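Novice: My structure is below; once you've seen it, I'll send some questions.
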Amino acid sequence: MLVLNCGSSSIKADVLDPETGVRFVRERVERIEGDHAAALAALLPTLIDRSPEGALAAVGHRVVHGGDRYSRPVLIDDAVEAGIEALCALAPLHNPANLAGIRAARQLLPDVPHVAVFDTAFHGTLPSRARAYALPKEVAEAHGIRRYGFHGPSHRWVAARAAEHLGDPVDALRIITCHLGNGCSLAAVEYGRSVETSMGMTPLEGLVMGTRSGDVDAGALITLLRAGNLDADGLDHLLQRSSGLAGLSGRGNDMRDIEQGAADGDERCRLALHVFCHRVRKYLGAYAAVMGGVDAIVFTAGIGQNSALVRHRVAQRLEFLGARLDEDRNRLARVDADSPVAEISAEHSRCRVLVVATDEERAIAGQAAALLGLPRADDQPTIPVAISGRHVHLSQAHVEALFGPGHTLTVDKEISQPGQFAAHERVNLVGPRGTIDRVRVIGPVRSRTQVEIARTDEFTLGLDAPVRGSGDLDNTPGIRVEGPAGSVTLTEGVICSRRHIHMTPEDAERFGVEHKDVVEVRLDSDGRDLVFGDVLVRVSPKYRLEMHIDTDEGNAAEVTRNFEAVLHRTDRLASLRRVTT
Ligand code: ADP
């Protein structure tokens with residue numbers, strides 16, 4: 001896969017295998033002459049030449065702003081191109097260059113899929129209280145003024161690497177990721193989701209950066225405009241290009257030069273370093289408060305990965321969060337693609353402090369590969385979800401009572417679990433309040449008759465069934481069941497089926513669970529993501545991997561055909577609650 005990151009005057013092009021992470025080509029073109037199309041056309045033969053088998057399978061494009069429209073990677077077509085163009089007003093420095101790269105690449109490589117991966121997407125989970133600026137609603141809405149956040153692929157990537165290192169699922173951790181490069185941002189990643197980040201509507205808000213100011217009192221900007229020497233473009237240039245480390249230090253934007261200057265006694269460099277580190281620490285404390293605690297702090301990108309001095313300064317006085325640096329580890333920490341994580345916290349530090357090598361290209365390739373269904377390194381195994389409508393299992397005696405002596409169930413169609421079938425036979429359920437007609441019988445016959453209904457059905461029928469696993473029928477209500485040849489009145493056997501996953505022993509091993517574990521399962525649907533707790537794992541060589549939920553649960557999570565879920569938590573807590581029945 002070719003990963004393209006087109007800036008206004010530069011092109012970064014990497015060819016890599018999203019599954020193994022192996023990188024075949026890394027090209028950087030600075031100060032491109034002419035337009036992106038010409039530069040890319042000149043670059044492409046080399047890229048293709050050095051790719052395995054001399055071919056590219058797909059292109060992943062970094063796109064900075066996805067606005068409200070794109071919260072996931074998308075396959076690029078003309079409509080998406082137009083959508084990205086419409087967002088240029090929100091990111092005038094970035095989206096036009098990204099778009100020029102997309103247009104050029106689609107023309108040069110018309111036969112492969114192109115995927116857009118958005119910087120803003122990871123922060124699509126920001127709650128509204130973190131998104132909103134305190135401006136009049138109408139004004140904010142008319143201009144798309146809200147906080148979006150950036151550096152998404154990097155924050156997501158380093159949080160995942162940190163979780164791997166710590167041996168916990170990212171969904172069980174509160175992590176603050178500090179991306180400190182030319183652009184700088186922090187993200188509060190609470191149980192896998194970004195809930196706060198320091199860049200806002202544009203990548204200008206928040207931390208001190210190479211040439212960007214980060215936070216400035218908006219009143220100061222009004223003062224500057226009123227003073228009359230600056231118009232909007234002048235202000236833009238001031239805040240984006242000549243502020244930040246460069247503006248404070250007067251020595252350019254490179255942290256190495258500023259560290260050197262400070263060591264040589266230059267006051268402006270000292271102040272630049274102080275303001276930079278203070279701002280990061282201030283945000284760290286704020287984000288720990290936002291999440292009610294923090295399990296790990298991660299430093300990444302050019303400064304975060306390389307400057308022991310900055311990490312030392314930032315981490316001072318964070319003991320109250322349980323974060324204690326080991327100064328030797330900090331000084332000696334080195335990370336790269338082969339060894340991407342170094343721990344720099346002291347032995348018993350409650351909050352772990354890590355340096356993690358970011359890899360935005362791999363992050364983009366992985367997300368694009370996921371969309372295209374290609375294999376990728378961080379593949380999470382998924383579980384097919386099936387909705388069980390209300391149904392009845394019958395004993396042979398009840399089959400004969402309902403359908404006539406000597407009757408046996410007849411197969412209408414096979415269902416997913418091996419050996420089971422939906423029968424042609426149907427029955428009516430008659431409850432104290434109401435009746436439900438033509439309910440499916442599921443074969444083969446069982447030793448005891450069992451009626452499985454959803455909560456909504458209980459209201460219709462007028463009874464109260466407990467949530468139970470299959471076969472666990474003691475002290476459950478009964479019901480009258482009618483068939484064409486007779487009826488039976490059950491004294492017990494009506495349950496609301498406990499949600500469960502069928503799996504083989506091999507699946508159980510793959511997911512790291514055991515028979516009767518109770519786990520959490522996440523269903524990512526369009527607009528109705530839902531995490532189900534209390535999901536029972538049932539393991540048998542006779543099963544096929546599938547999660548079963550009832551119609552109410554399926555509707556609540558907006559489950560559609562061919563739906564796949566992921567295991568969300570299988571931790572010790574859940575195992576302790578392993579059912580004993
Ligand atoms: P970008 O945001 O453009 O991807 P990087 O993540 O590559 O930028 O970060 C670039 C910055 O990292 C440089 O401007 C420099 O300030 C800083 N940097 C790189 N190496 C060191 C180092 N050894 N010590 C301090 N800062 C460094």
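Residue numbers start at 1 in each chain; chains themselves are named A, B, ... in the order of the structure tokens; ligands are numbered from 1 in the order shown.
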Please provide the set of residues having any atom within 12 Å of Thr435 of chain A, restricted to only C-alpha atoms, with same-chain residues fewer than 3 positions apart removed, written as number ranges by chain.
Specialist: A: 427-432, 438-439, 457-463, 479-482
Novice: Which residues, written as a list in words, have at least one atom at most 6 Å from segment 350-363 of chain A, with only C-alpha atoms counted and residues fewer than 6 positions away on the same chain left out?
Specialist: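 Once the nearby chain positions are removed, what remains is Pro153, Ser154, Trp157, Val158, Asp295, Ala296, Ile297, Val298, Phe299, Thr300, Gln305, Gly322, Ala323, Val335, Asp336, Pro340, Val341, Ala342, Glu343 and Ile344 of chain A.
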Novice: Please provide the set of residues having any atom within 7 Å of segment 119-122 of chain A, restricted to only C-alpha atoms, with same-chain residues fewer than 4 positions apart removed, written as a short mmCIF file (atom, residue, chain, number, x, y, z; two decimals) with N, CA and C atoms, in the first residue's frame.
Specialist:
```cif
data_model
loop_
_atom_site.label_atom_id
_atom_site.label_comp_id
_atom_site.auth_asym_id
_atom_site.auth_seq_id
_atom_site.Cartn_x
_atom_site.Cartn_y
_atom_site.Cartn_z
N VAL A 63 -5.73 12.76 5.25
CA VAL A 63 -6.52 13.98 5.06
C VAL A 63 -6.69 14.61 6.43
N VAL A 64 -6.33 15.88 6.54
CA VAL A 64 -6.28 16.50 7.86
C VAL A 64 -7.68 16.71 8.43
N HIS A 65 -8.58 17.32 7.66
CA HIS A 65 -9.87 17.68 8.25
C HIS A 65 -11.01 16.86 7.67
N GLY A 66 -11.71 16.15 8.51
CA GLY A 66 -12.88 15.39 8.07
C GLY A 66 -14.18 16.07 8.48
N TYR A 70 -16.88 13.11 8.17
CA TYR A 70 -16.13 11.85 8.11
C TYR A 70 -15.55 11.50 9.48
N SER A 71 -16.12 10.51 10.12
CA SER A 71 -15.58 10.08 11.40
C SER A 71 -14.93 8.70 11.28
N ARG A 72 -14.87 8.17 10.07
CA ARG A 72 -14.18 6.89 9.81
C ARG A 72 -13.48 7.02 8.47
N TYR A 148 -12.39 19.91 16.89
CA TYR A 148 -12.30 18.65 16.15
C TYR A 148 -11.12 17.79 16.62
N GLY A 149 -9.96 18.42 16.80
CA GLY A 149 -8.79 17.65 17.21
C GLY A 149 -8.07 17.06 16.00
N PHE A 150 -6.75 16.88 16.14
CA PHE A 150 -5.93 16.40 15.01
C PHE A 150 -4.93 15.35 15.48
N HIS A 151 -4.02 14.96 14.58
CA HIS A 151 -3.02 13.92 14.89
C HIS A 151 -3.68 12.60 15.28
N GLY A 152 -4.91 12.38 14.82
CA GLY A 152 -5.66 11.19 15.24
C GLY A 152 -4.91 9.88 15.04
N PRO A 153 -4.41 9.60 13.82
CA PRO A 153 -3.72 8.31 13.63
C PRO A 153 -2.56 8.12 14.61
N ARG A 156 -3.95 7.43 18.26
CA ARG A 156 -4.52 6.10 18.29
C ARG A 156 -3.41 5.02 18.30
N SER A 194 -10.94 8.85 22.44
CA SER A 194 -10.46 10.20 22.71
C SER A 194 -11.58 11.01 23.33
#
```
Novice: Around ligand 1, out to 7 Å and counting only C-alpha atoms and all ligand atoms, which residues are there? I want them as JSON, numbers by chain.
Specialist: {"A": [180, 181, 182, 183, 210, 253, 254, 255, 256, 301, 302, 303, 306, 307]}
Novice: Where in segment 300-454 of chain A does DSSP assign alpha helix (DSSP H), given as a PyMOL selection string?
Specialist: chain A and resi 301-306+308-315+327-332+360-372+396-403
Novice: Please provide as an MDAnalysis selection string all residues within 7 Å of Pro466 of chain A, with the sequence filter that same-chain residues fewer than 4 positions apart are discarded (counting only C-alpha atoms).
Specialist: chainID A and resid 476 495:496
Novice: Neighbouring residues of segment 270-281 of chain A were defined as those with any atom within 6 Å, considering only C-alpha atoms; residues of the same chain fewer than 6 positions away were excluded. Please report them as JSON, numbers by chain.
Specialist: {"A": [208, 245, 248, 249, 262, 314]}
Novice: How many Å lie between atom CA of Pro381 of chain A and atom CA of Val566 of chain A, rounded to one decimal?
Specialist: 6.9 Å
Novice: As number ranges by chain, please: the residues near Lys413 of chain A (cut-off 8 Å, only C-alpha atoms, same-chain neighbours under 3 positions excluded).
Specialist: A: 421-423
